[in-house]
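Peer 1: Let me begin by handing over the structure; questions about it come next.
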Amino acid sequence: MPEGLFGLNPWLDGLIRLLLIVGLMTVVAMGLIYIERKVLGRFHARVGPQRTGPFGLLQSVADALKLIGKEDLRPRNADPWTFEFGPYMVFIPIFLGFVVQPFMAGFNVRVLDLGILYFVAVSSVSIVGWVMAGWGSDNRYAMIGGMRAAAQAISYELPFVLSLLSVSMLTGTLNINQIVEGQAVVPNIVWQPLAFVIFFIAALAELNRPPFDIPVGESEVVGGPFVEYSGIRWSMFFLGEYASLFIMSVLISALFLGGYVWPFGTELGVGFQLVLTVIKAALLIFLIIWVRASVPRLRIDQLMGYAWKILLPLSLAQVLINGFVLTYHLPMPVLTVVGFGGIFLLSWLTERAIRKPRAARASAIALQSEAAS
Amino acid sequence: MVTESAHEFETQDLLLNVGPQHPSTHGVFRMVMQVDGEVVRDIIPYIGYLHRGAEKLCETMDYRQGIGFMDRTEYLAAMNAELSYVMAVEKLAELEVPDRAQWIRMILVELNRLASHLMFMGAFGIDVGVFGTPFIYAWREREAIIDLFEEISGDRMMYAYLRPGGLAWDVPTNFVARTREVLTAVRQGIADFDGLLTKNEIFVARTQGIGYISAADAIDFGMSGPSIRASGVPLDVRREEPYLKYDEIKWDVITEQDGDVYARYLCRLGEMHESVKIVEQCLERLQPGAIMPEKMPRMLRTPPGEVYIRTEAPRGEFGVYMVSKGGNRPYRLKVRSACLSNLQALKHMSVGQYVADAIIVLGSIDIVLSEVDR
Amino acid sequence: MRGIAKSMMTTLSVFLRPPVTRDYPNVHKALPERDRAFPLLLWDQEIDEPFCTGCHACERACPVECMTVLMKDNPNHKSVGGTSSRRKIIDKFWIDYARCMRCNICVEVCNFDAIAMNNTWSGHEMSVHDRKDLVMDLQQLTTQSHSGQIKEWVPVLGKANEEPASSESGS
C-alpha cells in the first residue's frame with residue numbers, strides 16, 4: 001500500500017496494517033480449512049461438511065470455538081520457555097511473510113526491494129519453532145518428530161532458494177512486484193518450467209504437505225512434534241500451516257504464473273487484479289489438495305535422498321543454464337527447450353530411483369539371516 | 001538390551017509399544033517393538049484381546065445355531081467361514097448338496113472374497129499414507145456388494161445364510177441381473193485402485209523390497225493365501241482339493257515371484273480380477289432347481305466321526321476340524337485360522353526394517369483379529 | 001512421475017463424478033424386503049390377538065437365550081365364547097434386543113408364523129440411553145404389527161424359487 005494511505009501518524013498506520021494482516025490471515029486460514037475439507041471430500045467421492053450452517057460454512061468457526069474451549073494442558077517436565085513460545089515461533093514468521101505478497105499493483109502491505117530475500121529469511125525462522133515444540137514437550141517421540149521436521153525443512157530449503165534465484169535472474173531483481181510486472185507478455189513458467197516444478201515440490205516439503213508430511217502425519221506411531229499441545233496452542237500450528245499454504249500459492253502465482261498482470265496487462269483495474277491473483281492462487285491450492293488426495297507418504301530417508309540427490313543438482317543445473325543463456329545473450333526459447341528437457345530428466349530420475357527390487361531383496365535376506373543367527 | 005554400536009557408544013534399544021488401539025484399522029492387536037534407532041530388532045506380538053471362546057461356545061450349539069458364531073469368527077469373509085463349517089457338517093452327515101446351491105454358494109463366496117480384498121486395499125492405503133482416498137473407494141465398492149447380500153440374506157455382514165445341505169432360502173428372482181450390476185460397479189472400482197496405487201512411484205517406493213519372505217521360509221511358517229502365493233508358491237486350496245465346483249470352471253492361480261509387500265498387493269489385485277471371472281462363469285451355469293436335499297430333518301443329527309475341511313478364505317487356508325459323538329451338536333470344533341499362521345511370520349519379515357515399514361508389513365499380511373483370537 | 005500423474009488422473013475422474021454420500025437421516029435408503037433387524041411379534045388382524053401361543057419353540061431354539069415366554073389360557077377361545085381357535089395365548093414375552101444376534105432361527109422354528117424380523121427402519125434405529133430399555137415387552141413387540149406398519153417376510157426354510165414353467169421343484 002502506498003505510504004501514508006490513511007494520512008495518519010506512521011505508528012498508527014503501521015498498527016492498522018498489522019491488524020489487517022492478523023485479521024485477514026486468520027479469516028483466510030479458516031476459509032482454507034473449510035475449502036480443503038470440501039474439495040478433499042469430492043476427491044473421495046463424498047461431500048465435506050454440510051451440517052454446520054448452510055453448506056457447512058460455519059464448520060471452521062465451530063472448530064475454532066471447540067479448540068478455544070479445551071483445557072490447556074502442559075506436561076510437568078516441559079521446558080517452560082520453549083514449550084510456551086514454540087507455537088508463536090511457528091506462526092509469527094508466517095504472518096510476517098504476508099507483508100510482501102503482491103495482490104495488486106503497489107498494494108502490498110509493504111513493497112520491499114529485497115522482497116524475495118525477506119521472504120526466504122522470514123519463512124526459515126519457523127523451523128526453529130518446530131524444533132522448540134519438539135524439544136519442549138519432554139516426549140521422545142515429539143523430539144524425533146521435531147528433528148525430522150527440521151531435517152526436512154533444511155534439506156528442501158536449498159532447491160527452494162535456488163529456484164527462486166533462477167526466477168530473479170531472469171528479471172534481474174529481487175522485488176516481487178517488479179518480477180510480476182516483468183511478466184506482462186509471457187509468464188515465467190514458459191521460460192522456467194523446470195524451476196517451477198522444482199519449486200512446487202520444494203514448497204510442498206516446506207509446507208509439510210503430503211507427500212512430505214512425515215513430521216505431522218506420523219499416524220504409524222504418534223502425532224509428531226505437536227503431540228503434547230492441546231486447544232488453542234495446537235490451533236496456532238494448524239492456522240500457521242494453512243496460512244503458509246495460502247502465502248505460498250500467492251507467491252507461486254506471482255512469480256511463475258504472472259500474478260495480477262498476465263494476460264490482461266498492467267492497465268487492469270485494481271479490483272480485477274485482485275480477482276486475477278485470487279483465481280491463480282485458487283488453482284494452485286486446488287493442485288496442492290489434488291496431490292494430497294492422490295499420493296502416499298514418503299519415508300524420511302527417501303525424502304531426504306530425493307532432495308539432496310535429485311532436486312539439488314537439477315536446480316543447480318537450472319541456475320547454471322540461466323547464467324549461460326543470459327551471459328551469451330542466447331534467445332529465450334532455449335531456456336524453454338532446456339527446461340522441458342530438464343523435466344523429462346527429473347521424471348526419469350524419479351522413476352529410476354525407486355525400481356531396485358533385487359538390491360532391496362538381497363539386503364533383506366542378509367538382514368534376516370543376520371537376525372536369525 | 002544393550003548393544004555396542006560401531007561408534008563405541010553404549011546404546012540401549014527402545015521398547016516401542018504399538019498398543020491395542022491402532023491408528024491403522026486391523027483390530028485390537030498389540031505388539032512391542034524393540035527398536036534400535038529406527039531399525040526394528042524384534043517384535044513381540046500380544047494377541048487375545050478379541051478372544052470370545054467361539055470354539056467352546058459352539059459345543060453347546062446345535063448345527064444351525066452355530067452358523068451365527070462362525071460368521072463372527074471372520075466377519076470380513078463371513079460366507080467363507082460359514083461355508084467351511086457347513087461343509088464339515090455335510091461331510092459328517094453325508095448330505096448331498098444340490099447343484100444350484102453349489103453354484104450360488106460359489107458366487108457368494110467369491111463376492112465375499114472381492115469385498116474382503118477391497119477392505120484390504122482400503123486399510124492398506126491408510127497404512128501407506130494416502131489417508132482417505134483408497135479407503136473411501138473401497139467402501140463405495142463394498143457398499144454395492146453388501147447391498148446385494150442384504151437383498152439375498154437380510155443382513156449386511158453376519159449373513160447366517162448357508163445351512164447344512166444348501167442354502168437357507170432361495171435367492172431373489174432378479175439375482176442374476178443384480179449380480180451383473182454389482183460386477184460392473186466392482187470392475188470400475190478395481191480400475192480406480194489400479195490407477196491410483198499400482199504404478200504410483202511413491203507407493204512402489206514404499207512397498208517394494210519391504211517385508212521380504214522367501215518361499216522356503218513361508219512354507220516353514222505355514223503361511224497360506226495371497227501371502228504365500230506372492231513368494232512364488234502356487235498353493236491354493238481351490239486347486240489342491242477342489243470343493244464346490246471349482247474344478248468345472250476356468251480360472252488361474254495368481255502368483256508373484258518377488259515375495260515383498262508390493263507382490264502381495266499385486267497378488268490380491270489379481271485375485272480380484274479372477275473372482276470377477278469366476279462369478280461370471282457361475283452366473284452362466286446357474287440353473288433353476290432345488291436348494292436343499294429332499295427330506296431334511298428338522299433337527300440335524302450327525303453320526304459319530306471326525307472331519308477336517310479346508311477352504312480358501314481370502315486370507316489363506318481356513319480349516320474346520322469337527323468331532324461328533326452323535327447328536328445334534330459338535331463334540332469339538334476347532335478352527336484352523338489362516339491369519340494366526342500368517343502372523344507368525346511378522347517378526348521374520350520386519351526385522352531389520354524401519355518402524356514405518358513394519359507397520360506396512362503388518363498391513364500387507366491382512367489380518368482380521370476375530371480370526372486370530374476366535 | 002508418470003505413475004503419479006496416473007494416480008492424479010484417477011482422483012480427478014472421481015472428483016468429476018457425483019459424490020456417493022447419502023444424507024442420512026434426511027434420506028433413508030429403501031430397505032429390501034428381506035432385511036433383518038430385530039424380531040417382532042405378528043398380530044392376527046381378523047381375530048385381533050397375536051398369532052403367538054407361547055409354545056416356547058423359539059425360546060428353546062435361540063442361541064443366545066434372549067427370550068422369556070409365558071403362556072396363559074386364551075380368554076378369547078371358542079370354548080369360552082370367543083372367536084379364536086387358539087387354546088393358549090401369549091401372556092408375557094420379553095426379548096432382550098441387546099443379546100439378540102438376529103440369526104433368524106426363531107422365525108424358522110415358529111410353528112405358527114407368529115414372529116418375524118423387522119424389515120423397516122424403526123428396527124435399525126434403536127438407540128437408547130440405558131441398556132435396560134432394550135428389553136422389549138409384549139406390548140412393544142406387537143405394536144408395529146398391530147398398527148399395520150409392517151409388511152413382514154417369513155421365509156420357508158429350504159424352499160427353492162418356483163420355475164417359470166408350471167412345475168414346482170422345492171423340498
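Residues in the C-alpha cells are named by chain (A, B, ... in the order shown) and by number from 1 within that chain; ligands are numbered from 1 in the order shown.
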Excluding region 27-33 of chain C and any residue of its chain fewer than 2 positions from it, enumerate the residues within 10 Å of it, using only C-alpha atoms, and give them as number ranges by chain.
Peer 2: B: 147-148, 150-154, 172; C: 22-25, 35-36, 118-121, 151-153
Peer 1: Restrict the calculation to only C-alpha atoms, then for each residue of chain C with any atom at most 7 Å from an atom of chain B give the closest atom pair and their distance in Å to one decimal, rows by chain and rising residue number, as a Markdown table.
Peer 2:
```
| residue | atom | partner | partner_atom | distance |
| --- | --- | --- | --- | --- |
| C:Met1 | CA | B:Glu201 | CA | 6.8 |
| C:Gly3 | CA | B:Asn200 | CA | 4.1 |
| C:Ile4 | CA | B:Asn200 | CA | 4.9 |
| C:Lys6 | CA | B:Gly195 | CA | 6.0 |
| C:Ser7 | CA | B:Leu196 | CA | 4.1 |
| C:Thr10 | CA | B:Gly195 | CA | 5.9 |
| C:Pro32 | CA | B:Glu151 | CA | 5.5 |
| C:Arg34 | CA | B:Gly154 | CA | 4.8 |
| C:Asp35 | CA | B:Gly154 | CA | 4.0 |
| C:Arg36 | CA | B:Gly154 | CA | 4.8 |
| C:Pro63 | CA | B:Gln65 | CA | 5.6 |
| C:Cys103 | CA | B:Ala160 | CA | 6.1 |
| C:Pro155 | CA | B:Trp169 | CA | 6.9 |
| C:Val156 | CA | B:Trp169 | CA | 6.9 |
| C:Leu157 | CA | B:Ala168 | CA | 5.6 |
| C:Gly158 | CA | B:Trp169 | CA | 4.9 |
| C:Lys159 | CA | B:Trp169 | CA | 5.7 |
| C:Ala160 | CA | B:Asp170 | CA | 5.1 |
| C:Asn161 | CA | B:Asp170 | CA | 6.0 |
| C:Glu163 | CA | B:Pro288 | CA | 6.4 |
| C:Ser169 | CA | B:Ala290 | CA | 5.9 |
| C:Gly170 | CA | B:Ala290 | CA | 5.5 |
| C:Ser171 | CA | B:Glu294 | CA | 5.1 |
```
Peer 1: Show me, as a list in words, every residue of chain A with an atom at most 8 Å from chain C, counting only C-alpha atoms.
Peer 2: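 For chain A, the answer reads Arg42, Phe43, His44, Ala45, Arg46, Val47, Trp290, Val291, Ala293, Ser294, Val295, Ser347, Trp348, Thr350 and Glu351 of chain A.
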Peer 1: Dump as a Markdown table the rows for residues of region 292-353 of chain B within 7 Å of region 36-47 of chain B: closest atom pair and distance in Å with one decimal, only C-alpha atoms counted, ordered by chain and rising residue number.
Peer 2:
```
| residue | atom | partner | partner_atom | distance |
| --- | --- | --- | --- | --- |
| B:Lys347 | CA | B:Ile43 | CA | 5.4 |
| B:Val351 | CA | B:Val40 | CA | 5.3 |
| B:Gly352 | CA | B:Val40 | CA | 5.4 |
| B:Gln353 | CA | B:Val39 | CA | 5.4 |
```
Peer 1: Mind writing the picked residues with N, CA and C atoms as a CSV table (one decimal), in the first residue's frame?
Peer 2:
```
chain,number,residue,atom,x,y,z
B,347,LYS,N,7.5,-61.2,12.6
B,347,LYS,CA,8.9,-60.8,13.1
B,347,LYS,C,9.9,-61.1,12.0
B,351,VAL,N,12.1,-57.7,10.7
B,351,VAL,CA,13.3,-57.4,11.4
B,351,VAL,C,14.3,-56.8,10.4
B,352,GLY,N,15.0,-55.8,10.9
B,352,GLY,CA,16.0,-55.1,10.0
B,352,GLY,C,15.4,-54.0,9.2
B,353,GLN,N,14.1,-53.8,9.3
B,353,GLN,CA,13.5,-52.7,8.5
B,353,GLN,C,13.1,-51.5,9.5
```
Peer 1: Distance table requested - chain B against chain A, cut-off 6 Å, only C-alpha atoms: one row per qualifying residue with the closest atom pair and its distance in Å to one decimal, ordered by chain and rising residue number, as CSV.
Peer 2:
```
residue,atom,partner,partner_atom,distance
B:Val128,CA,A:Pro296,CA,6.0
B:Gly129,CA,A:Pro296,CA,4.6
B:Val130,CA,A:Pro296,CA,4.3
B:Thr133,CA,A:His44,CA,5.3
B:Ala205,CA,A:Ile354,CA,5.2
B:Gly209,CA,A:Ala360,CA,4.8
B:Gly352,CA,A:Leu367,CA,5.7
```
Peer 1: Grab the residues selected above and save them as a PDB file, in the first residue's frame with C-alpha atoms.
Peer 2:
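Output file again-v7.pdb follows:
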```
ATOM      1  CA  VAL B 128       0.978 -46.384   3.355  1.00  0.00           C
ATOM      2  CA  GLY B 129      -0.126 -42.813   3.847  1.00  0.00           C
ATOM      3  CA  VAL B 130      -2.765 -41.846   1.305  1.00  0.00           C
ATOM      4  CA  THR B 133      -8.789 -41.840  -0.809  1.00  0.00           C
ATOM      5  CA  ALA B 205       8.999 -46.974  -3.361  1.00  0.00           C
ATOM      6  CA  GLY B 209      11.692 -54.657  -1.220  1.00  0.00           C
ATOM      7  CA  GLY B 352      15.959 -55.108  10.043  1.00  0.00           C
TER       8      GLY B 352
END
```
Peer 1: Which residue is closest to Asp13 (chain A)? Choose from A:Ala29, A:Val128, A:Tyr141, A:Val109 and count only C-alpha atoms.
Peer 2: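 Closest candidate: A:Val109.
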Peer 1: Using DSSP on the backbone coordinates, identify the residues of region 68-212 of chain B assigned to helix (DSSP H, G or I); present them as a PyMOL selection string.
Peer 2: chain B and resi 68-73+75-93+99-128+133-153+175-198+201-207
Peer 1: Within 9 Å of region 137-145 of chain C, counting only C-alpha atoms, which residues qualify if same-chain residues fewer than 3 places away don't, as a ChimeraX atom specification?
Peer 2: /C:39-45,50,90-96,148-152
Peer 1: For Ser275 (chain B), list every protein, DNA or RNA residue within 6 Å, evaluated using only C-alpha atoms, and leave out those in the same chain fewer than 3 positions away; present the list as a VMD selection string.
Peer 2: chain B and resid 110 272 278
Peer 1: So that I can see what lies close to Ser84 (chain C), please list as a list in words the residues with an atom at most 12 Å from it, counting only C-alpha atoms and leaving out residues fewer than 2 positions away in the same chain.
Peer 2: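 The contact residues come out as Asp44, Gln45, Glu46, Ile47, Asp48, Glu49, Pro50, Phe51, Thr53, Asp73, Asn74, Pro75, Asn76, His77, Lys78, Ser79, Val80, Gly81, Gly82, Arg86, Arg87, Lys88 and Ile89 of chain C.
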Peer 1: Those same residues - N, CA and C atoms - I'd like them written as a compact mmCIF listing (two decimals), in the first residue's frame.
Peer 2:
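What follows is the written file again08.txt:
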```txt
# COMPACT_ATOMS: atom_id res chain seq x y z
N ASP C 44 -52.68 -60.95 14.56
CA ASP C 44 -53.74 -61.50 13.72
C ASP C 44 -54.86 -60.48 13.65
N GLN C 45 -54.97 -59.78 12.53
CA GLN C 45 -55.91 -58.66 12.47
C GLN C 45 -57.35 -59.14 12.49
N GLU C 46 -57.62 -60.35 11.94
CA GLU C 46 -59.02 -60.78 11.87
C GLU C 46 -59.58 -61.06 13.25
N ILE C 47 -58.75 -61.70 14.09
CA ILE C 47 -59.27 -62.09 15.40
C ILE C 47 -58.83 -61.10 16.46
N ASP C 48 -57.90 -60.20 16.11
CA ASP C 48 -57.42 -59.15 16.99
C ASP C 48 -56.72 -59.71 18.22
N GLU C 49 -55.75 -60.58 17.95
CA GLU C 49 -54.88 -61.05 19.02
C GLU C 49 -53.58 -61.48 18.36
N PRO C 50 -52.50 -61.65 19.14
CA PRO C 50 -51.27 -62.09 18.50
C PRO C 50 -51.40 -63.53 17.99
N PHE C 51 -50.63 -63.83 16.97
CA PHE C 51 -50.56 -65.20 16.50
C PHE C 51 -49.89 -66.09 17.55
N THR C 53 -48.71 -68.27 20.51
CA THR C 53 -49.40 -69.01 21.55
C THR C 53 -48.49 -69.30 22.73
N ASP C 73 -54.06 -69.35 29.41
CA ASP C 73 -55.27 -69.81 28.71
C ASP C 73 -55.89 -68.64 27.98
N ASN C 74 -56.36 -68.90 26.77
CA ASN C 74 -56.86 -67.81 25.96
C ASN C 74 -58.28 -67.43 26.37
N PRO C 75 -58.50 -66.25 26.88
CA PRO C 75 -59.86 -65.86 27.26
C PRO C 75 -60.78 -65.67 26.06
N ASN C 76 -60.16 -65.69 24.86
CA ASN C 76 -60.94 -65.46 23.65
C ASN C 76 -61.20 -66.76 22.90
N HIS C 77 -60.98 -67.91 23.56
CA HIS C 77 -61.13 -69.17 22.83
C HIS C 77 -62.60 -69.49 22.61
N LYS C 78 -62.86 -70.29 21.57
CA LYS C 78 -64.24 -70.61 21.22
C LYS C 78 -64.97 -71.30 22.35
N SER C 79 -64.21 -72.12 23.12
CA SER C 79 -64.90 -72.88 24.17
C SER C 79 -65.42 -71.98 25.27
N VAL C 80 -64.85 -70.77 25.39
CA VAL C 80 -65.40 -69.85 26.40
C VAL C 80 -66.11 -68.69 25.74
N GLY C 81 -66.53 -68.90 24.51
CA GLY C 81 -67.40 -67.91 23.89
C GLY C 81 -66.70 -66.91 23.01
N GLY C 82 -65.43 -67.16 22.67
CA GLY C 82 -64.74 -66.18 21.83
C GLY C 82 -64.70 -66.61 20.39
N ARG C 86 -57.31 -70.58 19.12
CA ARG C 86 -56.07 -70.81 19.87
C ARG C 86 -56.43 -71.06 21.33
N ARG C 87 -56.07 -72.24 21.80
CA ARG C 87 -56.41 -72.58 23.18
C ARG C 87 -55.57 -71.79 24.16
N LYS C 88 -54.32 -71.66 23.86
CA LYS C 88 -53.42 -70.89 24.72
C LYS C 88 -52.98 -69.65 23.95
N ILE C 89 -52.66 -68.62 24.69
CA ILE C 89 -52.19 -67.40 24.03
C ILE C 89 -51.02 -66.86 24.85
```
Peer 1: Which polymer residues have any atom within 9 Å of an atom of region 337-346 of chain B, counting only C-alpha atoms, with same-chain residues fewer than 6 positions away left out, as a ChimeraX atom specification?
Peer 2: /B:43,45,211,213,217-218,221-225,227-228,313,315-320,358,361-362,365-369,371-374
Peer 1: Selected residues, N, CA and C atoms, written as an mmCIF file, in the first residue's frame, please.
Peer 2:
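Ended up saving to again-v3.cif:
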```cif
data_model
loop_
_atom_site.group_PDB
_atom_site.id
_atom_site.type_symbol
_atom_site.label_atom_id
_atom_site.label_comp_id
_atom_site.auth_asym_id
_atom_site.auth_seq_id
_atom_site.Cartn_x
_atom_site.Cartn_y
_atom_site.Cartn_z
ATOM 1 N N ILE B 43 10.133 -58.139 17.376
ATOM 2 C CA ILE B 43 8.720 -57.810 17.566
ATOM 3 C C ILE B 43 8.114 -58.884 18.440
ATOM 4 N N PRO B 45 4.498 -60.016 19.554
ATOM 5 C CA PRO B 45 3.070 -59.752 19.417
ATOM 6 C C PRO B 45 2.294 -60.265 20.626
ATOM 7 N N GLY B 211 9.595 -56.203 3.677
ATOM 8 C CA GLY B 211 8.870 -57.368 4.175
ATOM 9 C C GLY B 211 9.055 -58.592 3.317
ATOM 10 N N ILE B 213 9.871 -62.280 2.226
ATOM 11 C CA ILE B 213 9.955 -63.629 2.788
ATOM 12 C C ILE B 213 10.137 -64.597 1.631
ATOM 13 N N ASP B 217 10.939 -70.187 3.501
ATOM 14 C CA ASP B 217 10.573 -69.700 4.833
ATOM 15 C C ASP B 217 9.078 -69.629 4.999
ATOM 16 N N ALA B 218 8.392 -69.237 3.935
ATOM 17 C CA ALA B 218 6.936 -69.121 4.042
ATOM 18 C C ALA B 218 6.311 -70.486 4.278
ATOM 19 N N PHE B 221 6.787 -71.500 7.887
ATOM 20 C CA PHE B 221 5.901 -70.841 8.840
ATOM 21 C C PHE B 221 4.458 -71.290 8.694
ATOM 22 N N GLY B 222 4.149 -72.051 7.642
ATOM 23 C CA GLY B 222 2.763 -72.479 7.472
ATOM 24 C C GLY B 222 1.861 -71.388 6.951
ATOM 25 N N MET B 223 2.413 -70.458 6.202
ATOM 26 C CA MET B 223 1.589 -69.395 5.651
ATOM 27 C C MET B 223 0.725 -69.958 4.541
ATOM 28 N N SER B 224 -0.292 -69.207 4.182
ATOM 29 C CA SER B 224 -1.165 -69.643 3.099
ATOM 30 C C SER B 224 -1.825 -68.411 2.509
ATOM 31 N N GLY B 225 -2.523 -68.606 1.432
ATOM 32 C CA GLY B 225 -3.251 -67.499 0.848
ATOM 33 C C GLY B 225 -2.364 -66.585 0.031
ATOM 34 N N SER B 227 -0.477 -64.294 0.817
ATOM 35 C CA SER B 227 0.837 -64.005 1.392
ATOM 36 C C SER B 227 1.880 -64.990 0.918
ATOM 37 N N ILE B 228 1.493 -66.262 0.729
ATOM 38 C CA ILE B 228 2.488 -67.222 0.273
ATOM 39 C C ILE B 228 2.539 -67.266 -1.243
ATOM 40 N N ALA B 313 -10.046 -69.187 2.158
ATOM 41 C CA ALA B 313 -10.595 -67.898 2.552
ATOM 42 C C ALA B 313 -9.766 -66.802 1.900
ATOM 43 N N ARG B 315 -7.943 -64.818 3.197
ATOM 44 C CA ARG B 315 -6.672 -64.630 3.878
ATOM 45 C C ARG B 315 -5.792 -65.849 3.877
ATOM 46 N N GLY B 316 -6.306 -66.957 3.415
ATOM 47 C CA GLY B 316 -5.495 -68.150 3.440
ATOM 48 C C GLY B 316 -6.365 -69.360 3.651
ATOM 49 N N GLU B 317 -5.739 -70.389 4.201
ATOM 50 C CA GLU B 317 -6.442 -71.657 4.322
ATOM 51 C C GLU B 317 -7.229 -71.665 5.627
ATOM 52 N N PHE B 318 -8.529 -71.624 5.523
ATOM 53 C CA PHE B 318 -9.404 -71.620 6.691
ATOM 54 C C PHE B 318 -9.896 -73.046 6.877
ATOM 55 N N GLY B 319 -9.543 -73.638 7.992
ATOM 56 C CA GLY B 319 -9.907 -75.035 8.185
ATOM 57 C C GLY B 319 -10.837 -75.218 9.365
ATOM 58 N N VAL B 320 -11.716 -76.187 9.277
ATOM 59 C CA VAL B 320 -12.622 -76.516 10.379
ATOM 60 C C VAL B 320 -12.451 -77.994 10.691
ATOM 61 N N ALA B 358 7.572 -51.647 9.244
ATOM 62 C CA ALA B 358 6.973 -52.762 9.977
ATOM 63 C C ALA B 358 5.457 -52.636 10.000
ATOM 64 N N VAL B 361 4.218 -53.826 6.705
ATOM 65 C CA VAL B 361 4.258 -55.286 6.595
ATOM 66 C C VAL B 361 3.071 -55.902 7.312
ATOM 67 N N LEU B 362 2.756 -55.366 8.500
ATOM 68 C CA LEU B 362 1.580 -55.881 9.209
ATOM 69 C C LEU B 362 0.328 -55.692 8.382
ATOM 70 N N ILE B 365 0.014 -58.389 5.546
ATOM 71 C CA ILE B 365 -0.389 -59.766 5.853
ATOM 72 C C ILE B 365 -1.911 -59.849 5.896
ATOM 73 N N ASP B 366 -2.569 -58.709 6.105
ATOM 74 C CA ASP B 366 -4.030 -58.661 6.062
ATOM 75 C C ASP B 366 -4.642 -59.584 7.106
ATOM 76 N N ILE B 367 -4.525 -59.167 8.364
ATOM 77 C CA ILE B 367 -5.114 -59.995 9.417
ATOM 78 C C ILE B 367 -6.454 -59.397 9.830
ATOM 79 N N VAL B 368 -7.295 -60.251 10.318
ATOM 80 C CA VAL B 368 -8.512 -59.785 10.969
ATOM 81 C C VAL B 368 -8.537 -60.466 12.322
ATOM 82 N N LEU B 369 -8.586 -59.663 13.361
ATOM 83 C CA LEU B 369 -8.290 -60.181 14.691
ATOM 84 C C LEU B 369 -9.316 -61.171 15.186
ATOM 85 N N GLU B 371 -10.386 -63.604 13.689
ATOM 86 C CA GLU B 371 -9.995 -64.946 13.305
ATOM 87 C C GLU B 371 -8.765 -65.386 14.074
ATOM 88 N N VAL B 372 -7.890 -64.451 14.370
ATOM 89 C CA VAL B 372 -6.691 -64.792 15.123
ATOM 90 C C VAL B 372 -7.067 -65.221 16.533
ATOM 91 N N ASP B 373 -7.994 -64.515 17.131
ATOM 92 C CA ASP B 373 -8.333 -64.772 18.528
ATOM 93 C C ASP B 373 -9.519 -65.695 18.703
ATOM 94 N N ARG B 374 -10.417 -65.710 17.765
ATOM 95 C CA ARG B 374 -11.652 -66.511 17.861
ATOM 96 C C ARG B 374 -12.367 -66.268 19.176
#
```
Peer 1: What's around Val182 (chain B) at 9 Å? Count only C-alpha atoms, leave out sequence neighbours fewer than 2 positions away in its own chain, and write the answer as a ChimeraX atom specification.
Peer 2: /B:141,144-145,148,177-180,184-187
Peer 1: Please, what distance in Å, to one decimal, runs between CA of Ile359 (chain B) and CA of Leu15 (chain B)?
Peer 2: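 If I compute the distance from CA of Ile359 (chain B) to CA of Leu15 (chain B), I get 15.3 Å.
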Peer 1: Would you please work out which residue, of A:Leu335, A:Leu274, A:Ala121, A:Ile144, is nearest to Phe103 (chain A) when using only C-alpha atoms?
Peer 2: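 Going through A:Leu335, A:Leu274, A:Ala121, A:Ile144 one by one, the smallest distance to Phe103 (chain A) is for A:Leu274.
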Peer 1: For Pro263 (chain A), which residue out of A:Gly240, A:Glu181, A:Phe344, A:Leu174 is the nearest one, using only C-alpha atoms?
Peer 2: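 Smallest distance to Pro263 (chain A) is found for A:Glu181.
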Peer 1: Let me make sure I understand: among A:Val325, A:Val216, A:Ile201, A:Leu314, which one has the smallest atom-to-atom distance to Ile288 (chain A) if we use only C-alpha atoms?
Peer 2: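 Comparing A:Val325, A:Val216, A:Ile201, A:Leu314 against Ile288 (chain A), the winner is A:Ile201.
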